[in-house]
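Peer 1: What follows is final17.cif, mmCIF, C-alpha atoms.
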data_upload
#
loop_
_atom_site.group_PDB
_atom_site.id
_atom_site.type_symbol
_atom_site.label_atom_id
_atom_site.label_comp_id
_atom_site.auth_asym_id
_atom_site.auth_seq_id
_atom_site.Cartn_x
_atom_site.Cartn_y
_atom_site.Cartn_z
ATOM 1 C CA MET A 1 -23.267 -9.673 -10.634
ATOM 2 C CA THR A 2 -25.888 -9.462 -7.908
ATOM 3 C CA GLU A 3 -28.276 -6.550 -8.140
ATOM 4 C CA PRO A 4 -28.302 -4.368 -4.990
ATOM 5 C CA SER A 5 -31.994 -5.091 -4.391
ATOM 6 C CA ALA A 6 -31.280 -8.841 -4.434
ATOM 7 C CA MET A 7 -28.514 -8.629 -1.838
ATOM 8 C CA PRO A 8 -29.162 -10.150 1.603
ATOM 9 C CA THR A 9 -30.484 -7.675 4.145
ATOM 10 C CA THR A 10 -28.606 -9.201 7.081
ATOM 11 C CA PRO A 11 -24.920 -8.278 6.925
ATOM 12 C CA ILE A 12 -22.235 -10.819 7.660
ATOM 13 C CA PRO A 13 -20.266 -10.277 10.877
ATOM 14 C CA ALA A 14 -17.990 -7.250 10.765
ATOM 15 C CA VAL A 15 -14.572 -7.670 9.193
ATOM 16 C CA HIS A 16 -11.989 -7.244 11.959
ATOM 17 C CA GLU A 17 -8.827 -7.204 9.840
ATOM 18 C CA LEU A 18 -7.737 -6.432 6.306
ATOM 19 C CA ARG A 19 -4.613 -8.385 5.443
ATOM 20 C CA LEU A 20 -2.726 -7.794 2.225
ATOM 21 C CA VAL A 21 -0.637 -10.875 1.443
ATOM 22 C CA MET A 22 2.454 -10.319 -0.696
ATOM 23 C CA THR A 23 4.482 -13.178 -2.136
ATOM 24 C CA VAL A 24 8.058 -11.915 -2.375
ATOM 25 C CA GLN A 25 11.107 -13.300 -4.167
ATOM 26 C CA ASP A 26 13.688 -12.123 -1.601
ATOM 27 C CA PHE A 27 12.201 -12.594 1.867
ATOM 28 C CA GLU A 28 15.097 -11.001 3.775
ATOM 29 C CA ALA A 29 15.107 -7.912 1.540
ATOM 30 C CA ALA A 30 11.331 -7.544 1.857
ATOM 31 C CA VAL A 31 11.498 -7.785 5.662
ATOM 32 C CA ALA A 32 14.326 -5.259 5.660
ATOM 33 C CA LEU A 33 12.272 -2.851 3.550
ATOM 34 C CA TRP A 34 8.850 -3.150 5.193
ATOM 35 C CA ARG A 35 9.793 -3.866 8.827
ATOM 36 C CA ASP A 36 13.263 -2.458 9.304
ATOM 37 C CA ARG A 37 13.247 0.573 6.970
ATOM 38 C CA LEU A 38 9.561 1.571 6.890
ATOM 39 C CA GLY A 39 9.064 0.608 10.534
ATOM 40 C CA LEU A 40 6.010 -1.661 10.380
ATOM 41 C CA PRO A 41 6.083 -3.530 13.718
ATOM 42 C CA GLN A 42 6.228 -7.311 13.531
ATOM 43 C CA SER A 43 3.294 -8.905 15.324
ATOM 44 C CA ALA A 44 3.843 -12.568 14.480
ATOM 45 C CA ASP A 45 6.186 -15.037 12.808
ATOM 46 C CA PHE A 46 4.544 -18.196 11.484
ATOM 47 C CA SER A 47 7.632 -19.476 9.662
ATOM 48 C CA GLY A 48 8.213 -23.198 9.578
ATOM 49 C CA PRO A 49 9.705 -25.985 7.506
ATOM 50 C CA GLN A 50 7.248 -25.209 4.696
ATOM 51 C CA GLY A 51 8.317 -21.572 4.349
ATOM 52 C CA ARG A 52 8.632 -18.166 5.938
ATOM 53 C CA VAL A 53 5.932 -15.697 6.912
ATOM 54 C CA VAL A 54 5.778 -12.692 9.205
ATOM 55 C CA LEU A 55 2.840 -10.421 9.978
ATOM 56 C CA LEU A 56 3.562 -6.709 10.087
ATOM 57 C CA GLU A 57 1.171 -4.182 11.600
ATOM 58 C CA ALA A 58 0.280 -1.240 9.382
ATOM 59 C CA GLY A 59 -1.960 0.801 11.643
ATOM 60 C CA ARG A 60 -5.548 1.152 10.551
ATOM 61 C CA ALA A 61 -6.374 -0.552 7.268
ATOM 62 C CA THR A 62 -8.994 0.569 4.807
ATOM 63 C CA LEU A 63 -10.146 -0.923 1.534
ATOM 64 C CA GLU A 64 -10.317 1.849 -1.032
ATOM 65 C CA LEU A 65 -12.479 0.919 -4.004
ATOM 66 C CA VAL A 66 -12.139 3.169 -7.039
ATOM 67 C CA ASP A 67 -13.514 2.900 -10.533
ATOM 68 C CA ALA A 68 -11.294 3.079 -13.626
ATOM 69 C CA ASP A 69 -12.008 6.778 -14.214
ATOM 70 C CA GLN A 70 -11.034 7.743 -10.659
ATOM 71 C CA ALA A 71 -7.926 5.526 -10.778
ATOM 72 C CA ALA A 72 -6.847 7.291 -13.966
ATOM 73 C CA TYR A 73 -7.462 10.680 -12.326
ATOM 74 C CA ILE A 74 -5.418 9.743 -9.234
ATOM 75 C CA ASP A 75 -2.560 8.497 -11.426
ATOM 76 C CA ASP A 76 -2.690 11.693 -13.466
ATOM 77 C CA VAL A 77 -2.487 13.876 -10.337
ATOM 78 C CA GLU A 78 0.227 11.872 -8.597
ATOM 79 C CA VAL A 79 2.313 10.652 -11.545
ATOM 80 C CA GLY A 80 1.163 12.445 -14.686
ATOM 81 C CA ARG A 81 0.138 9.279 -16.530
ATOM 82 C CA ARG A 82 -1.720 5.986 -15.981
ATOM 83 C CA VAL A 83 0.642 3.586 -14.176
ATOM 84 C CA ALA A 84 -1.055 1.725 -11.321
ATOM 85 C CA PRO A 85 -2.153 -1.873 -11.703
ATOM 86 C CA ALA A 86 -5.450 -3.105 -10.281
ATOM 87 C CA LEU A 87 -3.878 -3.395 -6.829
ATOM 88 C CA ARG A 88 -1.967 -0.502 -5.305
ATOM 89 C CA VAL A 89 -0.862 -0.295 -1.699
ATOM 90 C CA ALA A 90 -1.183 3.112 -0.040
ATOM 91 C CA LEU A 91 0.423 3.829 3.328
ATOM 92 C CA GLY A 92 -0.271 6.911 5.424
ATOM 93 C CA VAL A 93 2.997 8.119 6.962
ATOM 94 C CA ALA A 94 4.149 11.135 8.966
ATOM 95 C CA ASP A 95 6.358 12.462 6.136
ATOM 96 C CA ALA A 96 5.839 11.161 2.599
ATOM 97 C CA ALA A 97 9.060 12.687 1.267
ATOM 98 C CA ASP A 98 11.115 11.088 4.035
ATOM 99 C CA ALA A 99 9.368 7.723 3.594
ATOM 100 C CA ALA A 100 9.935 7.834 -0.172
ATOM 101 C CA GLY A 101 13.633 8.521 0.373
ATOM 102 C CA THR A 102 13.884 5.683 2.889
ATOM 103 C CA LEU A 103 12.130 3.272 0.530
ATOM 104 C CA GLU A 104 14.293 4.351 -2.413
ATOM 105 C CA ALA A 105 17.443 3.787 -0.334
ATOM 106 C CA ALA A 106 16.118 0.304 0.455
ATOM 107 C CA GLY A 107 15.722 -0.572 -3.227
ATOM 108 C CA ALA A 108 12.322 0.777 -4.263
ATOM 109 C CA ALA A 109 12.147 2.603 -7.595
ATOM 110 C CA VAL A 110 10.638 6.086 -7.574
ATOM 111 C CA VAL A 111 7.782 6.318 -10.066
ATOM 112 C CA ALA A 112 6.887 9.891 -9.091
ATOM 113 C CA PRO A 113 8.410 12.166 -6.446
ATOM 114 C CA PRO A 114 6.325 13.623 -3.616
ATOM 115 C CA THR A 115 3.491 15.599 -5.178
ATOM 116 C CA ARG A 116 0.963 17.854 -3.486
ATOM 117 C CA THR A 117 -2.556 16.652 -4.327
ATOM 118 C CA PRO A 118 -5.881 18.475 -4.642
ATOM 119 C CA TRP A 119 -7.187 16.407 -1.711
ATOM 120 C CA GLY A 120 -4.670 17.959 0.695
ATOM 121 C CA SER A 121 -1.900 15.400 0.995
ATOM 122 C CA LEU A 122 1.660 14.910 -0.155
ATOM 123 C CA ASN A 123 1.888 11.660 -2.148
ATOM 124 C CA ALA A 124 4.847 9.784 -3.639
ATOM 125 C CA ARG A 125 4.726 6.697 -5.860
ATOM 126 C CA LEU A 126 7.212 3.844 -5.861
ATOM 127 C CA ASP A 127 7.603 0.297 -7.106
ATOM 128 C CA THR A 128 9.116 -2.053 -4.541
ATOM 129 C CA PRO A 129 11.725 -4.624 -5.577
ATOM 130 C CA ASP A 130 8.927 -7.223 -5.545
ATOM 131 C CA ALA A 131 6.813 -5.203 -8.009
ATOM 132 C CA VAL A 132 4.309 -3.810 -5.511
ATOM 133 C CA HIS A 133 3.042 -0.431 -6.683
ATOM 134 C CA LEU A 134 3.072 1.777 -3.609
ATOM 135 C CA THR A 135 1.827 5.216 -2.600
ATOM 136 C CA VAL A 136 3.147 6.799 0.569
ATOM 137 C CA PHE A 137 1.130 9.799 1.675
ATOM 138 C CA SER A 138 1.114 12.326 4.465
ATOM 139 C CA ASP A 139 -1.779 14.593 5.287
ATOM 140 C CA GLU A 140 -0.847 18.252 5.165
ATOM 141 C CA ALA A 141 -2.395 20.689 7.584
#
Could you quickly redo this structure as structure tokens?
Peer 2:
Amino acid sequence: MTEPSAMPTTPIPAVHELRLVMTVQDFEAAVALWRDRLGLPQSADFSGPQGRVVLLEAGRATLELVDADQAAYIDDVEVGRRVAPALRVALGVADAADAAGTLEAAGAAVVAPPTRTPWGSLNARLDTPDAVHLTVFSDEA
């Protein structure tokens, strides 16, 4: 691992997009869940003879880096036990309870129902049919 003092002082050009790529077993069901049920707008379709791919817009993306202790704390608050793998998708939505119900109706398994967190949001945990561990959260005023 590179020591901070040894890192280059000139940053690389700014990242303009964070894209999470999910390989899914049932393409139609995944599109139905993410685009049609959750409402992520489709911005492109690059499908061809080699396979199918669509890009869905998810608003503003952030990369949230947490250490193992913080990840355990978040799991404890939201679920009551350690459950998340190294990669967890979190989506900010208008109503976490409604989004969780919509996702459950579309085939996602509820890991933990909507839970009020110490950081002022309502968070629900689900596992999608393609084994993506998902948090939907809404900020509470």
Peer 1: Between A:Leu40, A:Ala97, A:Val111, A:Ala61, which one has atoms that come closest to Ala84 of chain A, using all atoms listed in the file?
Peer 2: A:Val111
Peer 1: Quick one: residues within 8 Å of segment 113-119 of chain A, all atoms listed in the file, excluding same-chain residues fewer than 3 positions away - as a ChimeraX atom specification?
Peer 2: /A:77-78,96-97,100,110,122-125
Peer 1: Give me, as a list in words, all polymer residues having an atom no more than 12 Å from Tyr73 of chain A, counting all atoms listed in the file and skipping those fewer than 6 positions away in the same chain.
Peer 2: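 Those residues are Val66, Asp67, Val79, Gly80, Arg81, Arg82, Val83, Ala84, Thr117 and Pro118 of chain A.
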Peer 1: Ranking A:Asp69, A:Asp130, A:Glu57, A:Asp76 by minimum distance to Ala29 of chain A and counting all atoms listed in the file, which one comes first?
Peer 2: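 Nearest candidate to Ala29 of chain A out of A:Asp69, A:Asp130, A:Glu57, A:Asp76: A:Asp130.
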Peer 1: Run through the PyMOL selection byres ((chain A and resi 56) around 8) on the given coordinates and return the selected residues as a ChimeraX atom specification.
Peer 2: /A:35,40-44,54-55,57-58
Peer 1: Rank nothing, just name the residue among A:Leu33, A:Val136, A:Ala71, A:Glu28 nearest to Ala112 of chain A, using only C-alpha atoms.
Peer 2: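 Checking each candidate against Ala112 of chain A, we get A:Val136 as the closest.
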Peer 1: How would you write, as a PyMOL selection string, the residues chosen by the PyMOL selection byres ((chain A and resi 140) around 7) on this structure?
Peer 2: chain A and resi 120-122+138-139+141
Peer 1: A:Val31, A:Leu65, A:Val93, A:Ala105: which is nearest Phe137 of chain A, counting only C-alpha atoms?
Peer 2: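 Of A:Val31, A:Leu65, A:Val93, A:Ala105, the one nearest Phe137 of chain A, counting only C-alpha atoms, is A:Val93.
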Peer 1: Show me, as a list in words, the residues that have an atom within 12 Å of Thr23 of chain A when counting all atoms listed in the file, minus same-chain residues fewer than 2 positions from it.
Peer 2: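 Listing them by chain and then by number gives Leu20, Val21, Gln25, Asp26, Phe27, Ala30, Val31, Gly51, Arg52, Val53, Val54, Pro129, Asp130, Ala131 and Val132 of chain A.
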Peer 1: In Å, how far is it from atom CA of Thr128 of chain A to atom CA of Gly92 of chain A?
Peer 2: 16.4 Å
Peer 1: Rounded to one decimal in Å, what is the spacing between atom CA of Ala90 of chain A and atom CA of Leu134 of chain A?
Peer 2: 5.7 Å
Peer 1: How many Å lie between atom CA of Ile74 of chain A and atom CA of Asp98 of chain A, rounded to one decimal?
Peer 2: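 Pair atom CA of Ile74 of chain A / atom CA of Asp98 of chain A returns 21.2 Å.
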Peer 1: Which residues match the PyMOL selection byres ((chain A and resi 109) around 6) in the file above, as a ChimeraX atom specification?
Peer 2: /A:104,108,110,126-127
Peer 1: Could you dump the residues just selected with C-alpha atoms as a PDB file, keeping the file's coordinate frame?
Peer 2:
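Final output, saved to selection-v4.pdb:
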ATOM      1  CA  GLU A 104      14.293   4.351  -2.413  1.00  0.00           C
ATOM      2  CA  ALA A 108      12.322   0.777  -4.263  1.00  0.00           C
ATOM      3  CA  VAL A 110      10.638   6.086  -7.574  1.00  0.00           C
ATOM      4  CA  LEU A 126       7.212   3.844  -5.861  1.00  0.00           C
ATOM      5  CA  ASP A 127       7.603   0.297  -7.106  1.00  0.00           C
TER       6      ASP A 127
END
Peer 1: Name the residues in contact with Arg60 of chain A at a cut-off of 10 Å, using only C-alpha atoms, excluding same-chain residues fewer than 4 positions from it; report them as a ChimeraX atom specification.
Peer 2: /A:17-18,91-92
Peer 1: Could you rebuild segment 78-104 of chain A with N, CA and C atoms and give it back as a PDB file, in the coordinates of the input?
Peer 2:
ATOM      1  N   GLU A  78      -0.966  12.269  -9.337  1.00  0.00           N
ATOM      2  CA  GLU A  78       0.227  11.872  -8.597  1.00  0.00           C
ATOM      3  C   GLU A  78       1.430  11.572  -9.479  1.00  0.00           C
ATOM      4  N   VAL A  79       1.205  11.100 -10.700  1.00  0.00           N
ATOM      5  CA  VAL A  79       2.313  10.652 -11.545  1.00  0.00           C
ATOM      6  C   VAL A  79       2.363  11.374 -12.886  1.00  0.00           C
ATOM      7  N   GLY A  80       1.203  11.787 -13.391  1.00  0.00           N
ATOM      8  CA  GLY A  80       1.163  12.445 -14.686  1.00  0.00           C
ATOM      9  C   GLY A  80       0.765  11.525 -15.824  1.00  0.00           C
ATOM     10  N   ARG A  81       0.553  10.255 -15.525  1.00  0.00           N
ATOM     11  CA  ARG A  81       0.138   9.279 -16.530  1.00  0.00           C
ATOM     12  C   ARG A  81      -0.436   8.057 -15.816  1.00  0.00           C
ATOM     13  N   ARG A  82      -1.126   7.196 -16.555  1.00  0.00           N
ATOM     14  CA  ARG A  82      -1.720   5.986 -15.981  1.00  0.00           C
ATOM     15  C   ARG A  82      -0.621   4.955 -15.748  1.00  0.00           C
ATOM     16  N   VAL A  83      -0.422   4.539 -14.490  1.00  0.00           N
ATOM     17  CA  VAL A  83       0.642   3.586 -14.176  1.00  0.00           C
ATOM     18  C   VAL A  83       0.224   2.469 -13.228  1.00  0.00           C
ATOM     19  N   ALA A  84      -0.740   2.696 -12.374  1.00  0.00           N
ATOM     20  CA  ALA A  84      -1.055   1.725 -11.321  1.00  0.00           C
ATOM     21  C   ALA A  84      -1.780   0.510 -11.869  1.00  0.00           C
ATOM     22  N   PRO A  85      -1.395  -0.670 -11.361  1.00  0.00           N
ATOM     23  CA  PRO A  85      -2.153  -1.873 -11.703  1.00  0.00           C
ATOM     24  C   PRO A  85      -3.451  -1.908 -10.897  1.00  0.00           C
ATOM     25  N   ALA A  86      -4.174  -2.991 -10.985  1.00  0.00           N
ATOM     26  CA  ALA A  86      -5.450  -3.105 -10.281  1.00  0.00           C
ATOM     27  C   ALA A  86      -5.286  -3.035  -8.766  1.00  0.00           C
ATOM     28  N   LEU A  87      -4.131  -3.438  -8.262  1.00  0.00           N
ATOM     29  CA  LEU A  87      -3.878  -3.395  -6.829  1.00  0.00           C
ATOM     30  C   LEU A  87      -2.729  -2.436  -6.562  1.00  0.00           C
ATOM     31  N   ARG A  88      -2.988  -1.466  -5.719  1.00  0.00           N
ATOM     32  CA  ARG A  88      -1.967  -0.502  -5.305  1.00  0.00           C
ATOM     33  C   ARG A  88      -2.049  -0.399  -3.803  1.00  0.00           C
ATOM     34  N   VAL A  89      -0.908  -0.450  -3.142  1.00  0.00           N
ATOM     35  CA  VAL A  89      -0.862  -0.295  -1.699  1.00  0.00           C
ATOM     36  C   VAL A  89      -0.622   1.181  -1.402  1.00  0.00           C
ATOM     37  N   ALA A  90      -1.381   1.736  -0.467  1.00  0.00           N
ATOM     38  CA  ALA A  90      -1.183   3.112  -0.040  1.00  0.00           C
ATOM     39  C   ALA A  90      -0.979   3.118   1.469  1.00  0.00           C
ATOM     40  N   LEU A  91       0.094   3.770   1.909  1.00  0.00           N
ATOM     41  CA  LEU A  91       0.423   3.829   3.328  1.00  0.00           C
ATOM     42  C   LEU A  91       0.467   5.269   3.795  1.00  0.00           C
ATOM     43  N   GLY A  92      -0.321   5.595   4.804  1.00  0.00           N
ATOM     44  CA  GLY A  92      -0.271   6.911   5.424  1.00  0.00           C
ATOM     45  C   GLY A  92       0.938   6.965   6.350  1.00  0.00           C
ATOM     46  N   VAL A  93       1.776   7.965   6.174  1.00  0.00           N
ATOM     47  CA  VAL A  93       2.997   8.119   6.962  1.00  0.00           C
ATOM     48  C   VAL A  93       3.086   9.553   7.473  1.00  0.00           C
ATOM     49  N   ALA A  94       3.989   9.792   8.423  1.00  0.00           N
ATOM     50  CA  ALA A  94       4.149  11.135   8.966  1.00  0.00           C
ATOM     51  C   ALA A  94       4.740  12.089   7.931  1.00  0.00           C
ATOM     52  N   ASP A  95       5.670  11.617   7.111  1.00  0.00           N
ATOM     53  CA  ASP A  95       6.358  12.462   6.136  1.00  0.00           C
ATOM     54  C   ASP A  95       6.571  11.656   4.857  1.00  0.00           C
ATOM     55  N   ALA A  96       5.778  11.934   3.839  1.00  0.00           N
ATOM     56  CA  ALA A  96       5.839  11.161   2.599  1.00  0.00           C
ATOM     57  C   ALA A  96       7.187  11.305   1.908  1.00  0.00           C
ATOM     58  N   ALA A  97       7.766  12.487   1.921  1.00  0.00           N
ATOM     59  CA  ALA A  97       9.060  12.687   1.267  1.00  0.00           C
ATOM     60  C   ALA A  97      10.138  11.866   1.955  1.00  0.00           C
ATOM     61  N   ASP A  98      10.137  11.870   3.281  1.00  0.00           N
ATOM     62  CA  ASP A  98      11.115  11.088   4.035  1.00  0.00           C
ATOM     63  C   ASP A  98      10.912   9.594   3.796  1.00  0.00           C
ATOM     64  N   ALA A  99       9.661   9.144   3.823  1.00  0.00           N
ATOM     65  CA  ALA A  99       9.368   7.723   3.594  1.00  0.00           C
ATOM     66  C   ALA A  99       9.786   7.306   2.195  1.00  0.00           C
ATOM     67  N   ALA A 100       9.542   8.153   1.200  1.00  0.00           N
ATOM     68  CA  ALA A 100       9.935   7.834  -0.172  1.00  0.00           C
ATOM     69  C   ALA A 100      11.450   7.703  -0.271  1.00  0.00           C
ATOM     70  N   GLY A 101      12.178   8.600   0.379  1.00  0.00           N
ATOM     71  CA  GLY A 101      13.633   8.521   0.373  1.00  0.00           C
ATOM     72  C   GLY A 101      14.134   7.264   1.053  1.00  0.00           C
ATOM     73  N   THR A 102      13.511   6.903   2.168  1.00  0.00           N
ATOM     74  CA  THR A 102      13.884   5.683   2.889  1.00  0.00           C
ATOM     75  C   THR A 102      13.630   4.454   2.028  1.00  0.00           C
ATOM     76  N   LEU A 103      12.470   4.413   1.376  1.00  0.00           N
ATOM     77  CA  LEU A 103      12.130   3.272   0.530  1.00  0.00           C
ATOM     78  C   LEU A 103      13.048   3.196  -0.690  1.00  0.00           C
ATOM     79  N   GLU A 104      13.380   4.341  -1.270  1.00  0.00           N
ATOM     80  CA  GLU A 104      14.293   4.351  -2.413  1.00  0.00           C
ATOM     81  C   GLU A 104      15.674   3.828  -1.990  1.00  0.00           C
TER      82      GLU A 104
END
